[in-house]
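**Q** Okay, here's the structure, questions in a sec.
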Amino acid sequence: MKYMKLGSKPDAFQSDGNNIRFVASELATDIIVNVDDVKFYLHKFPLLSKSPRLQRLVVATASEESSDEIGIPDIPGGPAAFEICAKFCYGMIVTLNAYNVVAARCAAEYLEMHETVEKGNLIYKIDVFLNSSVFRSWKDSIIVLQTSKSLQPWSEDLKVVSRCLDSIASKASIDPAEVEWSYTYNRKKLPLENGVDTQWNGVIKQQSVPKDWWVEDLCELEMDSYKQVIMAIKFKGRISGEVIGEALKAYAYRRLPGFSRITLTNGEDFAKCRTSLETIVWLLPTKRGSVSCSFLLKLLKAASFLDCSENCRKELIKRTGQQLEEASVADLLIPAPVGGSTLYDIDLVLEVMEEFLMHQHSHIRSSLQTSGDLLEGRCSGSVSSNATVTVAKLIDGYLAETAKDPALPISKFVEIAEKTSSLSRAVHDGLYRAIDMFLKEHPDLTKIEKKKICSLMDCKKLSPDACMHAVQNDRLPLRIVVQVLFFHQVRQSSIACVGQSLVPQENGAASYGVSRSAATTANTRDEWDGVPTAGDISSLKSMKLVGRAGTGSEKSSSSGDTGKNCEDKVGGKVKSVLMPSRMLSKLWSGKVYGGENSSSDTSEGQGSINPDEAKSTSTSRNLRYQVT
């Protein structure tokens with residue numbers, strides 16, 4: 001910190017400890033100046049020669065009984081600032097620094113200590129100190145801006161605030177390579193800015209200054225001053241939106257609850273934090289991606305807690321929805337408002353999802369309308385597709401976490417899942433995991449509710465591992481288990497046949513395999529669009545028996561060596577992978593022949609299997625092997 005000394009005489013001001021200040025001198029004092037509750041016993045000549053205002057006050061009180069006592073209760077800066085001015089009038093040593101210079105400048109203006117009254121008066125000397133020292137210092141400019149707040153409107157009228165803002169904004173906007181002053185920086189630097197770089201000749205290169213070097217020092221400012229500084233920096237137009245976003249993020253972590261552990265003790269703190277958050281949202285750069293989605297969701301969480309205005313909330317929802325693909329599941333777990341029935345704020349996430357879907361649709365439409373090049377349109381669609389795939393996985397994870405809440409109603413779970421039904425999902429494993437978690441935490445669901453929630457996933461899009469888990473999952477309705485078995489078996493059978501057809505055969509057998517593979521693929525595609533029936537289940541049973549026994553009319557020589565190998569492989573798949581013994585006993589003994597035949601799941605998905613139907617199994621099996 002820089003300072004300036006005025007005067008040459010030693011400080012002769014003394015105090016008796018009872019709010020009385022006087023000058024140690026052989027001459028008796030002839031004037032008393034009252035400033036607030038402090039009395040200054042001084043001499044008229046040194047004061048009146050430099051302050052026209054004191055001259056007028058003395059003349060005005062000359063006719064009164066107490067003509068030797070005047071009062072100036074409204075002087076800016078109070079007793080401390082007046083003492084600086086009085087010492088200067090006596091020629092005593094006065095030390096000016098960033099903490100007292102604004103108060104002294106405002107008090108000197110109040111006393112009218114201009115250059116026209118006496119050459120080298122106090123106002124002139126303070127202005128020289130401000131211009132030559134304070135406004136050239138980074139940290140002194142910040143301190144002066146802080147102290148100016150309590151001295152308004154004097155500091156505003158004297159343009160001290162505007163000059164501080166310009167000084168700070170100019171230094172923040174400078175090329176980081178030209179920064180030569182000290183600054184506070186405890187943040188994690190960019191990878192390229194960590195450590196030291198060594199040049200080819202072995203000389204250690206000085207560590208580079210980060211682009212956001214000024215961020216932490218500005219966090220010391222109150223919100224009103226901080227807002228003015230950020231607006232001045234934006235007006236300069238030399239700082240990127242990403243750096244300004246980092247500055248706002250650092251300030252939010254310092255000043256807002258939810259970012260750091262700040263306790264709100266009274267309503268005044270609550271209102272102050274609400275105002276600060278709304279101001280931060282208003283200052284956010286308009287460019288998409290200037291701040292992370294995680295930070296936006298933290299702001300949204302704080303806005304929900306602080307009960308911010310509807311405009312602030314809508315702005316955060318809009319910004320978050322536009323870059324939702326950057327979020328994580330933990331970011332979306334926003335606590336429900338006080339008095340809510342659920343653990344998390346589901347409605348808020350639904351609004352964000354709605355905004356994301358609207359943004360994606362408008363983005364696709366605008367890309368197709370403005371782009372005349374088909375290739376460019378395809379690229380835009382690819383970017384949009386990547387975002388939707390990422391968001392689909394994100395929402396699946398969010399559903400799995402919120403499903404752990406026993407108070408979550410099935411209607412909210414279904415609503416969230418249906419919001420993302422239009423998004424691309426290559427596999428439904430994440431959705432299956434969420435459904436399984438919901439069924440586990442809500443064991444009292446009815447059969448209709450279980451059917452409703454399970455209908456959200458597509459059994460054809462489950463991975464082999466998910467299928468194996470599903471067929472052994474006692475929480476799933478039997479109809480869903482049968483569908484998983486059926487579609488997975490068709491898929492594996494198709495893969496087995498295609499793989500066999502690619503093996504070279506003698507006497508033109510390879511071409512026969514290709515033809516059969518094409519027919520198999522066409523038939524399989526038709527079957528994937530259906531739901532397993534009683535005949536399908538009979539076929540499944542028959543196929544397992546064939547795989548186990550290894551005999552039957554299906555393996556006749558008329559089908560050729562290729563057909564026989566394909567059928568053996570299919571039987572092996574069913575026996576060793578697709579039909580675990582636990583599930584087979586569940587399907588073919590306990591739940592098929594037993595009492596669940598009358599339930600809605602069994603009646604719709606399986607039908608009954610009796611000895612009469614067993615006679616038609618042969619025909620059903622032949623048809624199945626021709627398909628697979």
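Lettering and numbering for the structure tokens are positional, with chains as A, B, ... in the shown order, residues counted from 1 in each chain, and ligands counted from 1 in the shown order.
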Assign secondary structure with DSSP using the backbone only, and return the residues of region 70-141 of chain A in alpha helix (DSSP H) as a ChimeraX atom specification.
**A** /A:78-90,101-110,122-132,138-141
**Q** Between CA of Leu306 (chain A) and CA of Phe270 (chain A), what is the spacing in Å?
**A**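 It comes out at 7.1 Å.
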**Q** Region 81-316 of chain A: which residues are strand (DSSP E) by DSSP, as a PyMOL selection string?
**A** chain A and resi 94-97+197-198+204-205
**Q** Can you write just those residues out, all heavy atoms, as a PDB file, in the first residue's frame?
**A**
```
ATOM      1  N   VAL A  94       0.901  14.580   8.205  1.00  0.00           N
ATOM      2  CA  VAL A  94      -0.326  13.818   7.970  1.00  0.00           C
ATOM      3  C   VAL A  94      -0.002  12.685   6.997  1.00  0.00           C
ATOM      4  O   VAL A  94       0.597  12.922   5.940  1.00  0.00           O
ATOM      5  CB  VAL A  94      -1.445  14.701   7.387  1.00  0.00           C
ATOM      6  CG1 VAL A  94      -2.689  13.861   7.111  1.00  0.00           C
ATOM      7  CG2 VAL A  94      -1.772  15.833   8.334  1.00  0.00           C
ATOM      8  N   THR A  95      -0.386  11.472   7.349  1.00  0.00           N
ATOM      9  CA  THR A  95      -0.136  10.300   6.492  1.00  0.00           C
ATOM     10  C   THR A  95      -1.436   9.912   5.792  1.00  0.00           C
ATOM     11  O   THR A  95      -2.418   9.551   6.448  1.00  0.00           O
ATOM     12  CB  THR A  95       0.390   9.115   7.311  1.00  0.00           C
ATOM     13  OG1 THR A  95       1.590   9.506   7.974  1.00  0.00           O
ATOM     14  CG2 THR A  95       0.668   7.930   6.390  1.00  0.00           C
ATOM     15  N   LEU A  96      -1.426   9.963   4.478  1.00  0.00           N
ATOM     16  CA  LEU A  96      -2.577   9.565   3.668  1.00  0.00           C
ATOM     17  C   LEU A  96      -2.323   8.185   3.067  1.00  0.00           C
ATOM     18  O   LEU A  96      -1.203   7.889   2.622  1.00  0.00           O
ATOM     19  CB  LEU A  96      -2.820  10.567   2.554  1.00  0.00           C
ATOM     20  CG  LEU A  96      -3.244  11.986   2.961  1.00  0.00           C
ATOM     21  CD1 LEU A  96      -3.384  12.874   1.726  1.00  0.00           C
ATOM     22  CD2 LEU A  96      -4.547  11.965   3.738  1.00  0.00           C
ATOM     23  N   ASN A  97      -3.360   7.370   3.055  1.00  0.00           N
ATOM     24  CA  ASN A  97      -3.262   6.062   2.421  1.00  0.00           C
ATOM     25  C   ASN A  97      -4.620   5.736   1.781  1.00  0.00           C
ATOM     26  O   ASN A  97      -5.544   6.553   1.791  1.00  0.00           O
ATOM     27  CB  ASN A  97      -2.843   4.993   3.426  1.00  0.00           C
ATOM     28  CG  ASN A  97      -3.731   4.977   4.653  1.00  0.00           C
ATOM     29  OD1 ASN A  97      -4.957   4.999   4.538  1.00  0.00           O
ATOM     30  ND2 ASN A  97      -3.122   4.962   5.840  1.00  0.00           N
ATOM     31  N   ASP A 197       7.825 -23.458 -16.929  1.00  0.00           N
ATOM     32  CA  ASP A 197       8.232 -23.983 -18.223  1.00  0.00           C
ATOM     33  C   ASP A 197       9.720 -23.723 -18.407  1.00  0.00           C
ATOM     34  O   ASP A 197      10.227 -22.650 -18.067  1.00  0.00           O
ATOM     35  CB  ASP A 197       7.423 -23.313 -19.327  1.00  0.00           C
ATOM     36  CG  ASP A 197       7.699 -23.923 -20.682  1.00  0.00           C
ATOM     37  OD1 ASP A 197       8.240 -25.046 -20.695  1.00  0.00           O
ATOM     38  OD2 ASP A 197       7.387 -23.280 -21.703  1.00  0.00           O
ATOM     39  N   THR A 198      10.419 -24.682 -18.943  1.00  0.00           N
ATOM     40  CA  THR A 198      11.860 -24.554 -19.129  1.00  0.00           C
ATOM     41  C   THR A 198      12.161 -24.347 -20.607  1.00  0.00           C
ATOM     42  O   THR A 198      11.719 -25.117 -21.447  1.00  0.00           O
ATOM     43  CB  THR A 198      12.585 -25.816 -18.615  1.00  0.00           C
ATOM     44  OG1 THR A 198      12.204 -26.027 -17.261  1.00  0.00           O
ATOM     45  CG2 THR A 198      14.083 -25.642 -18.706  1.00  0.00           C
ATOM     46  N   ILE A 204      14.928 -20.920 -16.679  1.00  0.00           N
ATOM     47  CA  ILE A 204      13.558 -21.107 -16.217  1.00  0.00           C
ATOM     48  C   ILE A 204      12.713 -19.908 -16.621  1.00  0.00           C
ATOM     49  O   ILE A 204      13.041 -18.766 -16.314  1.00  0.00           O
ATOM     50  CB  ILE A 204      13.521 -21.302 -14.690  1.00  0.00           C
ATOM     51  CG1 ILE A 204      14.273 -22.571 -14.318  1.00  0.00           C
ATOM     52  CG2 ILE A 204      12.080 -21.367 -14.200  1.00  0.00           C
ATOM     53  CD1 ILE A 204      14.305 -22.839 -12.827  1.00  0.00           C
ATOM     54  N   LYS A 205      11.659 -20.197 -17.315  1.00  0.00           N
ATOM     55  CA  LYS A 205      10.742 -19.147 -17.772  1.00  0.00           C
ATOM     56  C   LYS A 205       9.775 -18.785 -16.648  1.00  0.00           C
ATOM     57  O   LYS A 205       9.295 -19.644 -15.927  1.00  0.00           O
ATOM     58  CB  LYS A 205       9.959 -19.654 -18.987  1.00  0.00           C
ATOM     59  CG  LYS A 205       9.034 -18.624 -19.594  1.00  0.00           C
ATOM     60  CD  LYS A 205       8.317 -19.224 -20.802  1.00  0.00           C
ATOM     61  CE  LYS A 205       7.364 -18.225 -21.424  1.00  0.00           C
ATOM     62  NZ  LYS A 205       6.657 -18.818 -22.588  1.00  0.00           N
TER      63      LYS A 205
END
```
**Q** Would you work out the distance separating CA of Asp474 (chain A) from CA of Ala496 (chain A), expressed in Å to one decimal?
**A**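 So the answer is 29.1 Å.
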**Q** Using only C-alpha atoms, which protein or nucleic acid residues come within 7 Å of region 422-435 of chain A? Drop anything in the same chain fewer than 6 positions from it, and give the result as a ChimeraX atom specification.
**A** /A:388-389,392-393,396-397,399-400,403,453-454,457-458,461-463,466
**Q** From the list A:Glu278, A:Asp175, A:Asp37, A:Glu109, which residue is nearest Pro76 (chain A) when using only C-alpha atoms?
**A**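 So, comparing all the options, the nearest one is A:Glu109.
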**Q** At a cut-off of 7 Å, using only C-alpha atoms, what residues contact Pro285 (chain A)? Leave out same-chain residues fewer than 4 positions from it and give the result as a CSV table (one decimal) with N, CA and C atoms, in the first residue's frame.
**A**
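Printed below is around_11.csv as written:
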```csv
chain,number,residue,atom,x,y,z
A,241,GLY,N,-16.4,-13.9,-22.2
A,241,GLY,CA,-17.5,-14.3,-21.4
A,241,GLY,C,-17.2,-15.4,-20.4
A,245,GLY,N,-17.7,-15.2,-16.5
A,245,GLY,CA,-18.4,-16.3,-15.9
A,245,GLY,C,-17.7,-16.9,-14.7
A,290,SER,N,-20.8,-19.9,-21.4
A,290,SER,CA,-19.9,-19.0,-20.6
A,290,SER,C,-19.7,-19.5,-19.2
```
